[in-house]
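Quick look at work-v8.txt (compact mmCIF, C-alpha atoms and all ligand atoms):
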# COMPACT_ATOMS: atom_id res chain seq x y z
CA MET A 527 45.54 14.19 -5.67
CA ALA A 528 44.34 16.35 -8.52
CA THR A 529 44.56 20.06 -7.86
CA ASP A 530 42.62 22.80 -9.61
CA ALA A 531 45.62 23.24 -11.93
CA ASP A 532 44.86 19.81 -13.43
CA LYS A 533 41.23 20.62 -14.07
CA ILE A 534 39.25 22.65 -16.58
CA LYS A 535 38.12 25.90 -14.94
CA VAL A 536 34.97 27.74 -15.98
CA THR A 537 34.26 31.33 -14.95
CA ILE A 538 30.84 32.78 -15.81
CA LEU A 539 31.03 36.54 -16.27
CA PRO A 540 27.87 38.66 -16.38
CA THR A 541 28.43 41.33 -19.03
CA GLY A 542 25.45 43.66 -18.67
CA THR A 543 21.69 43.27 -18.59
CA MET A 544 19.24 44.36 -21.22
CA HIS A 545 15.50 44.72 -20.74
CA ALA A 546 12.97 43.56 -23.29
CA ASP A 547 9.39 42.52 -23.71
CA LEU A 548 9.13 38.90 -22.65
CA THR A 549 7.39 38.04 -25.93
CA TRP A 550 10.78 38.24 -27.63
CA LEU A 551 11.94 35.42 -25.37
CA LEU A 552 8.87 33.33 -24.79
CA ILE A 553 5.70 32.98 -26.84
CA ASP A 554 3.54 32.12 -23.86
CA PRO A 555 -0.25 32.12 -24.42
CA GLN A 556 -0.71 32.42 -20.64
CA ARG A 557 0.64 35.95 -20.83
CA MET A 558 -1.16 37.17 -23.92
CA ALA A 559 -4.07 39.57 -24.16
CA THR A 560 -7.40 37.78 -24.47
CA ARG A 561 -11.02 38.69 -25.10
CA SER A 562 -11.72 38.81 -21.37
CA ASN A 563 -8.43 40.53 -20.57
CA PRO A 564 -7.63 42.61 -23.66
CA GLY A 565 -5.65 45.25 -21.80
CA ARG A 566 -3.04 42.90 -20.43
CA GLN A 567 0.25 44.68 -19.75
CA LYS A 568 3.28 43.39 -21.50
CA ASP A 569 6.13 42.10 -19.37
CA TRP A 570 9.30 44.20 -19.41
CA VAL A 571 11.87 41.75 -18.10
CA PRO A 572 15.61 41.69 -17.41
CA VAL A 573 17.67 39.95 -20.12
CA PRO A 574 21.14 39.40 -18.68
CA THR A 575 24.09 38.63 -20.92
CA HIS A 576 27.17 36.63 -20.00
CA VAL A 577 30.41 35.30 -21.39
CA VAL A 578 32.30 32.24 -20.16
CA TYR A 579 36.05 32.13 -19.62
CA ILE A 580 37.49 28.62 -19.82
CA GLU A 581 40.98 27.62 -18.79
CA HIS A 582 42.14 24.21 -19.94
CA PRO A 583 44.84 22.44 -17.90
CA ASP A 584 47.01 22.28 -21.04
CA GLY A 585 47.23 26.09 -20.85
CA THR A 586 44.70 26.90 -23.57
CA LYS A 587 42.39 29.83 -22.79
CA LEU A 588 38.98 30.11 -24.38
CA LEU A 589 36.17 32.63 -24.27
CA TRP A 590 32.57 31.75 -25.06
CA ASP A 591 30.77 34.74 -26.58
CA ALA A 592 31.68 38.41 -26.43
CA GLY A 593 28.85 40.26 -24.70
CA VAL A 594 27.25 43.61 -25.45
CA PRO A 595 29.11 46.77 -26.52
CA ARG A 596 29.64 49.89 -24.42
CA ASP A 597 28.40 52.00 -27.35
CA TRP A 598 25.23 49.97 -27.88
CA GLU A 599 23.09 53.08 -28.37
CA GLN A 600 25.09 54.26 -31.39
CA ARG A 601 25.60 50.81 -32.87
CA TRP A 602 22.12 49.49 -32.30
CA GLY A 603 20.35 52.78 -33.06
CA PRO A 604 20.31 52.32 -36.87
CA THR A 605 18.54 48.96 -36.41
CA GLY A 606 15.85 50.28 -34.09
CA LEU A 607 16.66 47.42 -31.73
CA ASP A 608 18.08 49.79 -29.12
CA GLN A 609 14.43 50.54 -28.32
CA TYR A 610 13.58 46.87 -27.88
CA PHE A 611 16.70 45.69 -26.05
CA PRO A 612 18.30 48.58 -24.15
CA VAL A 613 21.40 47.65 -22.16
CA ASP A 614 20.09 49.63 -19.22
CA GLU A 615 21.32 47.66 -16.22
CA VAL A 616 25.09 47.53 -16.28
CA THR A 617 27.92 48.82 -14.15
CA ASP A 618 31.29 49.83 -15.53
CA ASP A 619 32.97 46.70 -14.15
CA MET A 620 30.67 44.46 -16.21
CA TRP A 621 31.61 45.49 -19.76
CA LEU A 622 33.76 42.89 -21.48
CA ASP A 623 36.94 45.00 -21.52
CA SER A 624 36.57 45.48 -17.76
CA ARG A 625 36.07 41.75 -17.29
CA LEU A 626 39.27 40.95 -19.20
CA GLU A 627 41.16 43.47 -17.08
CA GLN A 628 39.83 41.88 -13.90
CA LEU A 629 41.18 38.55 -15.14
CA ASP A 630 44.49 40.19 -16.02
CA LEU A 631 44.01 39.27 -19.68
CA GLU A 632 44.69 41.05 -22.94
CA PRO A 633 42.45 39.96 -25.84
CA GLY A 634 45.45 38.25 -27.47
CA ASP A 635 45.92 36.03 -24.41
CA ILE A 636 42.75 34.20 -25.44
CA ASP A 637 43.55 31.28 -27.78
CA TYR A 638 39.97 30.68 -28.94
CA LEU A 639 37.03 33.07 -29.09
CA LEU A 640 33.99 30.82 -29.56
CA LEU A 641 30.94 32.72 -30.79
CA SER A 642 27.62 30.99 -30.26
CA HIS A 643 26.25 33.11 -33.09
CA LEU A 644 26.75 36.57 -34.53
CA HIS A 645 23.84 38.49 -33.02
CA MET A 646 24.60 41.96 -31.69
CA ASP A 647 24.40 40.93 -28.03
CA HIS A 648 26.89 38.07 -28.49
CA ALA A 649 29.40 39.12 -31.13
CA ALA A 650 29.48 42.90 -30.68
CA ASN A 651 32.94 42.97 -29.12
CA ALA A 652 34.50 40.45 -31.51
CA LYS A 653 36.63 43.12 -33.17
CA MET A 654 38.62 43.42 -29.95
CA TRP A 655 40.25 40.28 -31.36
CA GLN A 656 41.05 41.60 -34.83
CA ASP A 657 44.65 40.73 -35.70
CA THR A 658 45.43 39.35 -32.23
CA GLY A 659 46.14 35.82 -33.45
CA THR A 660 43.16 34.49 -31.48
CA ARG A 661 41.21 31.90 -33.43
CA ILE A 662 37.59 33.00 -33.74
CA VAL A 663 35.25 30.05 -34.26
CA VAL A 664 31.65 30.09 -35.50
CA ASP A 665 29.35 27.65 -37.24
CA GLN A 666 29.82 27.53 -41.01
CA ALA A 667 26.10 28.17 -41.62
CA GLU A 668 26.21 31.18 -39.29
CA LYS A 669 29.14 32.68 -41.16
CA ASP A 670 27.47 32.08 -44.52
CA GLY A 671 24.18 33.60 -43.36
CA ALA A 672 25.71 36.54 -41.55
CA LEU A 673 27.67 37.56 -44.65
CA SER A 674 24.81 36.91 -47.08
CA PHE A 675 23.03 40.26 -46.86
CA ASP A 676 23.75 43.82 -47.92
CA GLY A 677 23.27 46.83 -45.71
CA TYR A 678 23.86 47.63 -42.06
CA ASN A 679 21.94 44.79 -40.44
CA LYS A 680 19.54 41.95 -40.95
CA GLY A 681 17.50 41.67 -37.77
CA ALA A 682 19.96 41.42 -34.88
CA HIS A 683 22.92 40.63 -37.16
CA ILE A 684 24.95 43.84 -37.50
CA LYS A 685 27.55 43.29 -40.18
CA SER A 686 30.11 45.72 -38.78
CA ASP A 687 30.33 43.56 -35.62
CA TYR A 688 32.11 40.83 -37.56
CA ASP A 689 32.88 41.76 -41.18
CA GLY A 690 36.55 41.63 -42.01
CA LEU A 691 37.34 39.22 -39.18
CA GLU A 692 38.95 35.93 -40.01
CA LEU A 693 36.32 33.44 -38.88
CA ASP A 694 37.19 29.77 -38.53
CA THR A 695 34.22 27.47 -38.85
CA ILE A 696 32.91 24.10 -37.80
CA ALA A 697 30.31 22.13 -39.75
CA GLU A 698 29.68 19.32 -37.24
CA ASP A 699 29.86 18.81 -33.49
CA THR A 700 33.50 19.30 -32.62
CA GLU A 701 35.54 18.43 -29.53
CA LEU A 702 38.03 21.30 -29.68
CA LEU A 703 40.06 20.10 -26.73
CA PRO A 704 39.52 17.14 -24.41
CA GLY A 705 36.35 18.00 -22.46
CA ILE A 706 35.41 21.08 -24.51
CA THR A 707 32.86 20.43 -27.25
CA LEU A 708 31.00 22.74 -29.60
CA LEU A 709 27.53 21.45 -30.45
CA ARG A 710 25.51 22.46 -33.48
CA THR A 711 22.10 23.67 -32.25
CA PRO A 712 20.70 25.75 -35.13
CA GLY A 713 17.26 27.30 -35.26
CA HIS A 714 17.56 30.56 -33.33
CA THR A 715 19.83 31.63 -36.19
CA TRP A 716 21.38 29.91 -39.21
CA GLY A 717 24.07 28.28 -37.11
CA THR A 718 23.69 28.83 -33.37
CA LEU A 719 26.14 26.78 -31.32
CA SER A 720 26.04 25.44 -27.77
CA LEU A 721 29.09 24.54 -25.70
CA LYS A 722 29.61 21.56 -23.43
CA VAL A 723 32.43 21.63 -20.91
CA ASP A 724 33.13 18.48 -18.90
CA LEU A 725 34.15 19.52 -15.42
CA ALA A 726 35.89 17.20 -12.97
CA ASP A 727 33.98 18.30 -9.87
CA SER A 728 30.79 19.87 -11.19
CA GLY A 729 30.09 17.45 -14.04
CA PRO A 730 29.30 18.63 -17.56
CA MET A 731 27.97 22.15 -18.06
CA LEU A 732 26.12 22.87 -21.27
CA PHE A 733 25.94 26.53 -22.26
CA THR A 734 23.04 26.95 -24.67
CA SER A 735 23.37 30.64 -25.53
CA ASP A 736 20.26 31.63 -27.49
CA SER A 737 19.41 28.04 -28.44
CA LEU A 738 17.52 28.25 -25.13
CA TYR A 739 17.00 31.66 -23.60
CA LEU A 740 15.14 30.58 -20.48
CA ARG A 741 14.33 27.58 -18.32
CA GLU A 742 10.67 28.14 -19.33
CA SER A 743 11.66 27.71 -23.00
CA TYR A 744 13.04 24.25 -22.32
CA GLY A 745 9.89 22.46 -21.15
CA PRO A 746 9.01 19.79 -21.91
CA PRO A 747 7.20 20.83 -23.94
CA PRO A 748 9.47 23.55 -25.27
CA ILE A 749 8.02 27.02 -25.79
CA ALA A 750 9.39 28.88 -28.80
CA ALA A 751 10.74 32.40 -28.66
CA GLY A 752 9.91 35.56 -30.58
CA ILE A 753 13.12 35.35 -32.60
CA VAL A 754 13.56 32.01 -34.33
CA TYR A 755 15.04 31.74 -37.79
CA ASP A 756 13.96 28.12 -38.32
CA THR A 757 11.34 26.82 -35.91
CA VAL A 758 11.64 23.17 -36.96
CA ALA A 759 15.40 23.21 -36.47
CA TRP A 760 14.96 25.03 -33.14
CA PHE A 761 12.72 22.29 -31.73
CA ALA A 762 15.14 19.61 -32.95
CA SER A 763 18.04 21.43 -31.28
CA VAL A 764 16.14 21.62 -27.99
CA GLU A 765 15.62 17.85 -28.09
CA LYS A 766 19.30 17.35 -28.93
CA ILE A 767 20.19 19.34 -25.82
CA ARG A 768 17.68 17.35 -23.76
CA ALA A 769 19.16 14.03 -24.97
CA ILE A 770 22.65 15.17 -23.97
CA GLU A 771 21.34 16.27 -20.57
CA GLU A 772 19.72 12.87 -20.08
CA GLN A 773 22.86 10.98 -21.16
CA THR A 774 25.39 13.03 -19.24
CA GLY A 775 23.53 14.74 -16.42
CA ALA A 776 24.81 18.06 -17.72
CA THR A 777 23.82 21.30 -16.02
CA ILE A 778 22.04 23.40 -18.62
CA VAL A 779 23.00 27.08 -18.50
CA PHE A 780 20.43 29.13 -20.36
CA GLY A 781 21.34 32.08 -22.54
CA HIS A 782 19.48 34.97 -20.95
CA ALA A 783 17.90 33.70 -17.72
CA ALA A 784 17.99 36.25 -14.90
CA ASP A 785 16.71 33.79 -12.28
CA GLN A 786 19.38 31.21 -13.09
CA MET A 787 22.18 33.77 -13.37
CA ALA A 788 21.39 34.83 -9.80
CA GLU A 789 21.82 31.21 -8.63
CA LEU A 790 25.13 30.55 -10.41
CA ARG A 791 28.57 31.40 -9.09
CA THR A 792 29.73 34.26 -11.27
CA GLY A 793 32.52 36.80 -11.60
CA PRO A 794 36.30 36.60 -11.51
CA GLY A 795 37.59 34.09 -8.97
CA ASN A 796 34.25 32.30 -8.64
CA TYR A 797 34.99 29.50 -11.02
CA TYR A 798 33.64 25.98 -11.43
CA THR A 799 35.97 23.00 -11.75
ZN ZN A 801 20.60 35.71 -30.51
Here is the file; what I need is its structure written in the form of structure tokens.
Amino acid sequence: MATDADKIKVTILPTGTMHADLTWLLIDPQRMATRSNPGRQKDWVPVPTHVVYIEHPDGTKLLWDAGVPRDWEQRWGPTGLDQYFPVDEVTDDMWLDSRLEQLDLEPGDIDYLLLSHLHMDHAANAKMWQDTGTRIVVDQAEKDGALSFDGYNKGAHIKSDYDGLELDTIAEDTELLPGITLLRTPGHTWGTLSLKVDLADSGPMLFTSDSLYLRESYGPPPIAAGIVYDTVAWFASVEKIRAIEEQTGATIVFGHAADQMAELRTGPGNYYT
């Protein structure tokens, strides 16, 4: 009989919650001010972040995304985005370095750091992996875009989060290891990726990161978000995800969904197989 040691293990780790106006996440006419209700209050909602630790039975260890930084106020301050996305609901045990410690891991123990994209709430801790030998993988278009501007930041891309790192790239959907596939789902940024992990007991899980922030974004019909680099590509990526869900029965794990995060098993030791 197969034991857990023969199976891919997935551990979802909450890494701190931001708050933001819902309009950033969901352009929903139902919630907008109107002529008859011009004073409508904006929605200040929780925006949880997470990373995913994946252990392959061949011994390979992977991490999906890198969370938010402890020093977000200093690093995000120059962009002004600290005012829009404060990381104001986090306990010390949730920061990424704490999470690694809880798993008894040093950064260099991770073979692959897979970054869905290089926004400040996903790539901010990437430099923990500088010169560790860990392969850092992003989409080629994301790397090109993220290095294409001068200055401190372009929107939520903060260059110092990732400049100087050796970034390996993919330019098409890529099965990195049996059962672990990076999917190109651009639109939110130049080259946002999603990750599909085929689990023996739980079936496939598809982590969308910011390709889909929320269940409400998914539809059908999909509802776009306040930050989309390429709307046409974003809608196409959503339908790509939907087709994979229909073909495989994958569980879709949204990028910043507080309601879903509360339903999932999370934290060290609470893994899916
Ligand atoms: Zn993003």
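Across the structure, CA of Gly795 (chain A) and CA of Asp687 (chain A) are spaced 29.2 Å apart.
For the choices A:Leu644, A:Ile696, A:Val573, A:Ala672, the atom-to-atom distance to ligand ZN 801 (chain A) is smallest for A:Leu644 when using all atoms listed in the file.
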Selection as an MDAnalysis selection string: residues within 12 Å of ligand ZN 801 (chain A) by all atoms listed in the file: chainID A and resid 550:551 573 575 591 593:594 611 641:650 668 681:684 712:720 734:739 751:755 781:782
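Of the listed residues A:Thr711, A:Thr529, A:Asn651, A:Gln600, the one whose atoms come nearest to Pro612 (chain A) is A:Gln600, with distances taken using all atoms listed in the file.
The smallest atom-to-atom distance between Asp785 (chain A) and any of A:Gly634, A:Pro574, A:Pro595, A:Gly565, using all atoms listed in the file, is found for A:Pro574.
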Ranking A:Met731, A:Asp657, A:Gly690, A:Ala762 by minimum distance to Thr799 (chain A) and counting all atoms listed in the file, which one comes first? A:Met731
I'd like the interatomic distance between CA of Asp530 (chain A) and CA of Pro583 (chain A), to a tenth of an Å. 8.6 Å
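Shortest separation to Thr543 (chain A) among A:Val723, A:Val571, A:Val613, A:Met558 occurs at residue A:Val613, atoms counted being all atoms listed in the file.
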For Tyr579 (chain A), list every protein, DNA or RNA residue within 7 Å, evaluated using all atoms listed in the file, and leave out those in the same chain fewer than 6 positions away; present the list as a PyMOL selection string. chain A and resi 536-538+588-590
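Going from CA of Lys722 (chain A) to CA of Thr707 (chain A) covers 5.1 Å.
Considering all atoms listed in the file, the residue among A:Leu693, A:Ala652, A:Leu548, A:Ile580 positioned nearest to Gly705 (chain A) is A:Ile580.
Non-sequential neighbours of Arg661 (chain A) (distance at most 8 Å, separation of 4 or more positions within a chain, all atoms listed in the file) are Asp637, Tyr638, Leu639, Leu693 and Asp694 of chain A.
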Contacts of Tyr678 (chain A) at 8 Å (all atoms listed in the file; same-chain gap of 4+ positions) as a PyMOL selection string: chain A and resi 604-605+684-686
